[in-house]
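Participant: Contents of entry.txt (compact mmCIF, C-alpha atoms) are below:
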```txt
# COMPACT_ATOMS: atom_id res chain seq x y z
CA MET Y 1 1.63 -32.50 25.12
CA LYS Y 2 -1.97 -31.93 26.17
CA THR Y 3 -4.68 -32.62 23.62
CA VAL Y 4 -7.50 -30.12 23.17
CA SER Y 5 -10.82 -29.94 21.34
CA TYR Y 6 -10.96 -28.86 17.71
CA GLN Y 7 -12.69 -25.66 18.83
CA ASP Y 8 -9.97 -24.84 21.37
CA PHE Y 9 -7.27 -25.73 18.84
CA GLY Y 10 -8.85 -23.46 16.22
CA ALA Y 11 -9.07 -20.52 18.62
CA ALA Y 12 -5.47 -21.01 19.79
CA PHE Y 13 -4.28 -21.36 16.18
CA ILE Y 14 -5.96 -18.08 15.16
CA ASP Y 15 -4.53 -16.29 18.20
CA GLU Y 16 -1.02 -17.51 17.34
CA ALA Y 17 -1.26 -16.95 13.58
CA VAL Y 18 -2.94 -13.55 13.74
CA SER Y 19 -1.00 -11.85 16.53
CA LEU Y 20 -0.96 -8.10 17.08
CA ALA Y 21 2.70 -7.97 16.03
CA ARG Y 22 1.99 -9.78 12.74
CA ILE Y 23 -0.94 -7.49 11.98
CA GLU Y 24 1.16 -4.39 12.70
CA GLN Y 25 3.99 -5.64 10.50
CA ALA Y 26 1.67 -6.51 7.60
CA VAL Y 27 -0.28 -3.22 7.72
CA THR Y 28 2.90 -1.15 8.02
CA SER Y 29 4.37 -2.95 5.01
CA VAL Y 30 1.26 -2.49 2.86
CA ALA Y 31 0.73 1.16 3.90
CA GLY Y 32 4.16 2.24 2.73
CA ASP Y 33 6.07 5.15 4.19
CA ARG Y 34 5.13 8.15 1.99
CA ILE Y 35 1.97 9.96 0.99
CA ASP Y 36 1.73 12.60 -1.74
CA VAL Y 37 -1.57 14.33 -2.50
CA GLY Y 38 -2.55 17.06 -4.87
CA PRO Y 39 -2.85 19.51 -6.10
CA ILE Y 40 -6.49 19.52 -4.99
CA GLY Y 41 -8.96 22.39 -4.87
CA VAL Y 42 -10.27 23.62 -1.51
CA GLY Y 43 -12.49 26.41 -0.28
CA PRO Y 44 -15.49 28.06 -1.89
CA GLY Y 45 -15.39 27.22 -5.59
CA ASP Y 46 -12.05 25.45 -5.06
CA ALA Y 47 -10.41 28.88 -5.09
CA ALA Y 48 -7.31 27.51 -3.37
CA SER Y 49 -4.94 24.74 -4.37
CA VAL Y 50 -3.41 22.30 -1.86
CA VAL Y 51 -0.39 20.03 -2.18
CA ALA Y 52 0.38 17.64 0.68
CA LYS Y 53 3.45 15.51 1.23
CA GLY Y 54 4.06 13.38 4.25
CA THR Y 55 5.23 10.29 5.99
CA VAL Y 56 3.30 7.22 7.09
CA GLY Y 57 4.38 5.81 10.45
CA ALA Y 58 4.35 2.30 11.85
CA ALA Y 59 0.92 0.82 12.51
CA THR Y 60 -0.22 -0.15 15.99
CA ALA Y 61 -2.91 -2.76 16.60
CA ARG Y 62 -5.21 -3.60 19.47
CA ALA Y 63 -7.76 -6.34 19.91
CA ALA Y 64 -11.40 -5.31 19.65
CA SER Y 65 -14.45 -7.16 20.94
CA PRO Y 66 -14.94 -10.40 19.04
CA GLU Y 67 -17.97 -10.97 16.84
CA PRO Y 68 -20.77 -13.16 18.29
CA ASP Y 69 -19.35 -16.23 16.50
CA GLY Y 70 -15.93 -15.65 18.09
CA THR Y 71 -14.30 -14.06 15.03
CA ARG Y 72 -11.28 -12.09 16.21
CA ARG Y 73 -11.45 -8.36 15.49
CA PHE Y 74 -8.80 -5.67 15.64
CA VAL Y 75 -8.39 -1.92 15.32
CA VAL Y 76 -5.20 -0.81 13.59
CA SER Y 77 -4.07 2.80 13.86
CA ILE Y 78 -1.76 4.32 11.26
CA PRO Y 79 -0.10 7.69 12.00
CA VAL Y 80 0.46 10.11 9.12
CA GLU Y 81 2.34 13.43 9.31
CA LEU Y 82 1.56 15.87 6.50
CA HIS Y 83 3.12 19.11 5.29
CA LEU Y 84 0.59 21.11 3.31
CA SER Y 85 1.11 24.06 0.99
CA VAL Y 86 -2.05 26.03 0.20
CA LYS Y 87 -1.92 28.60 -2.57
CA VAL Y 88 -4.60 31.30 -2.68
CA ALA Y 89 -4.45 34.26 -5.04
CA GLY Y 90 -0.72 33.76 -5.52
CA THR Y 91 0.01 33.64 -1.76
CA LEU Y 92 1.41 30.46 -0.24
CA HIS Y 93 0.23 29.34 3.22
CA LYS Y 94 1.81 26.43 5.13
CA PHE Y 95 0.01 23.93 7.33
CA GLU Y 96 1.10 20.87 9.26
CA ALA Y 97 -1.32 18.03 9.98
CA SER Y 98 -1.21 14.94 12.14
CA VAL Y 99 -3.59 12.19 11.12
CA LEU Y 100 -4.37 8.98 12.93
CA ALA Y 101 -6.26 6.61 10.63
CA HIS Y 102 -8.15 3.74 12.26
CA LEU Y 103 -8.79 0.55 10.29
CA HIS Y 104 -11.15 -2.21 11.43
CA LEU Y 105 -10.04 -5.78 10.68
CA ALA Y 106 -11.50 -9.23 11.26
CA ALA Y 107 -9.58 -12.51 11.08
CA ARG Y 108 -11.83 -15.06 9.39
CA THR Y 109 -11.34 -18.66 8.35
CA ALA Y 110 -12.15 -20.09 4.92
CA ARG Y 111 -12.37 -23.50 3.31
CA ASP Y 112 -11.58 -24.42 -0.30
CA PRO Y 113 -8.83 -23.42 -0.02
CA LEU Y 114 -8.19 -23.74 3.70
CA ALA Y 115 -7.09 -20.20 4.56
CA LEU Y 116 -7.00 -17.34 6.98
CA VAL Y 117 -8.65 -14.25 5.54
CA ILE Y 118 -8.15 -10.78 6.96
CA ASP Y 119 -11.20 -8.65 6.17
CA ILE Y 120 -10.49 -4.93 6.27
CA THR Y 121 -13.48 -2.62 6.41
CA PRO Y 122 -12.89 0.28 3.99
CA PRO Y 123 -12.11 3.40 6.02
CA GLN Y 124 -14.50 6.32 6.27
CA VAL Y 125 -13.77 9.98 7.03
CA PHE Y 126 -14.97 9.47 10.62
CA ASP Y 127 -12.22 6.84 11.08
CA MET Y 128 -9.64 9.66 10.91
CA GLU Y 129 -8.40 11.83 13.76
CA VAL Y 130 -6.99 15.02 12.24
CA THR Y 131 -5.14 17.88 13.91
CA VAL Y 132 -4.25 20.80 11.63
CA ARG Y 133 -1.70 23.40 12.69
CA SER Y 134 -1.11 26.71 10.96
CA THR Y 135 0.79 29.89 11.61
CA GLY Y 136 -0.64 33.33 11.11
CA MET Y 137 -4.21 34.58 11.24
CA ALA Y 138 -4.69 34.41 7.46
CA ALA Y 139 -3.76 30.72 7.40
CA LYS Y 140 -6.07 29.97 10.32
CA VAL Y 141 -9.00 31.69 8.61
CA LEU Y 142 -8.15 29.95 5.35
CA GLY Y 143 -8.03 26.60 7.15
CA ARG Y 144 -11.56 27.08 8.46
CA LEU Y 145 -13.06 28.53 5.27
CA GLY Y 146 -11.34 25.98 3.06
CA ASN Y 147 -12.33 23.01 5.23
CA VAL Y 148 -8.72 21.80 5.18
CA ASP Y 149 -9.52 19.24 7.90
CA GLY Y 150 -12.32 17.72 5.80
CA LYS Y 151 -10.20 17.63 2.64
CA ILE Y 152 -7.37 15.92 4.53
CA ARG Y 153 -9.76 13.27 5.84
CA LYS Y 154 -11.14 12.62 2.37
CA GLU Y 155 -7.70 12.40 0.74
CA VAL Y 156 -6.23 10.10 3.41
CA VAL Y 157 -9.28 7.81 3.10
CA GLY Y 158 -8.68 7.76 -0.67
CA PHE Y 159 -4.97 7.00 -0.21
CA ILE Y 160 -5.66 4.13 2.21
CA THR Y 161 -8.45 2.71 0.05
CA GLU Y 162 -6.15 2.77 -2.99
CA ARG Y 163 -3.42 0.97 -1.04
CA LEU Y 164 -5.90 -1.65 0.26
CA ASN Y 165 -7.07 -2.35 -3.30
CA ALA Y 166 -3.53 -2.79 -4.66
CA PRO Y 167 -2.65 -6.36 -5.73
CA ASP Y 168 0.06 -6.75 -3.05
CA ALA Y 169 -2.37 -5.66 -0.33
CA LYS Y 170 -5.10 -8.01 -1.59
CA ALA Y 171 -2.61 -10.89 -1.63
CA ALA Y 172 -1.50 -10.10 1.94
CA THR Y 173 -5.05 -10.56 3.25
CA VAL Y 174 -5.27 -14.27 2.37
CA ILE Y 175 -2.95 -16.83 3.96
CA ASP Y 176 -3.26 -20.21 2.23
CA ILE Y 177 -2.88 -22.63 5.16
CA ALA Y 178 -3.34 -25.76 3.05
CA THR Y 179 -0.23 -24.99 0.98
CA HIS Y 180 1.87 -24.56 4.13
CA ILE Y 181 0.55 -27.79 5.66
CA GLU Y 182 1.29 -29.67 2.45
CA ALA Y 183 4.86 -28.33 2.43
CA VAL Y 184 5.45 -29.50 6.01
CA TRP Y 185 4.13 -33.00 5.31
CA LYS Y 186 6.38 -33.31 2.24
CA SER Y 187 9.54 -32.40 4.12
```
Is it possible to express this structure as structure tokens?
Facilitator:
Amino acid sequence: MKTVSYQDFGAAFIDEAVSLARIEQAVTSVAGDRIDVGPIGVGPGDAASVVAKGTVGAATARAASPEPDGTRRFVVSIPVELHLSVKVAGTLHKFEASVLAHLHLAARTARDPLALVIDITPPQVFDMEVTVRSTGMAAKVLGRLGNVDGKIRKEVVGFITERLNAPDAKAATVIDIATHIEAVWKS
């Protein structure tokens, strides 16, 4: 066994404890697998009504450039597939949308209690990649006039923000290291 400096140990510990696979698993678990939105008003004067139902896929993570102090940062992408029904003047139009939501995370350390803390920056509409598909000219025109893309971005941001603020999500962002160390020393 080779001994290392406290600084090197700390960096290696963070890299092991906060791996890409662990981040992906935690985010996928917290995100859930379903999204239901609406009805919400879209278009001029909210003349149309939209209902969206969809599935949330498995998250993928990649390392991002560290902060100047060495704090590890990550970008986590969450795919969402939506089926939208838009009702205008009694006529139903169908849309499909693929969304890729990007979350920005930082793995920080804390003391009192000794812990790892995963900071998640609240998502913004520009953190979403959205592709809307429609069939028929009327649906395409409606999609543009009703700003369906913008509404989807806003609703997905709201959904993710709500999930991040849920008690189980908040609890998943703090790993109490001291408790785990104490348990090992007692055994």
Participant: Given the choices Y:Val156, Y:Val51, Y:Ile23, Y:Ala58, which gets closest to Ile120 of chain Y if the distance is worked out from only C-alpha atoms?
Facilitator: Y:Ile23
Participant: Taking into account only C-alpha atoms, which residue in the set Y:His180, Y:His102, Y:Arg111, Y:His83 is nearest to Ile160 of chain Y?
Facilitator: Y:His102
Participant: Pick the closest to Leu114 of chain Y from Y:Tyr6, Y:Ser85, Y:Ala47, Y:Ile175: which is it, counting all atoms listed in the file?
Facilitator: Y:Ile175
Participant: Counting all atoms listed in the file, figure out which residue out of Y:Asp36, Y:Asp176, Y:Glu182, Y:Asp46 gets nearest to Ala115 of chain Y.
Facilitator: Y:Asp176
Participant: Which protein, DNA or RNA residues have an atom at most 10 Å from (9.2, 0.9, 7.8), counting all atoms listed in the file? List them as a ChimeraX atom specification.
Facilitator: /Y:25,28-33,56-59
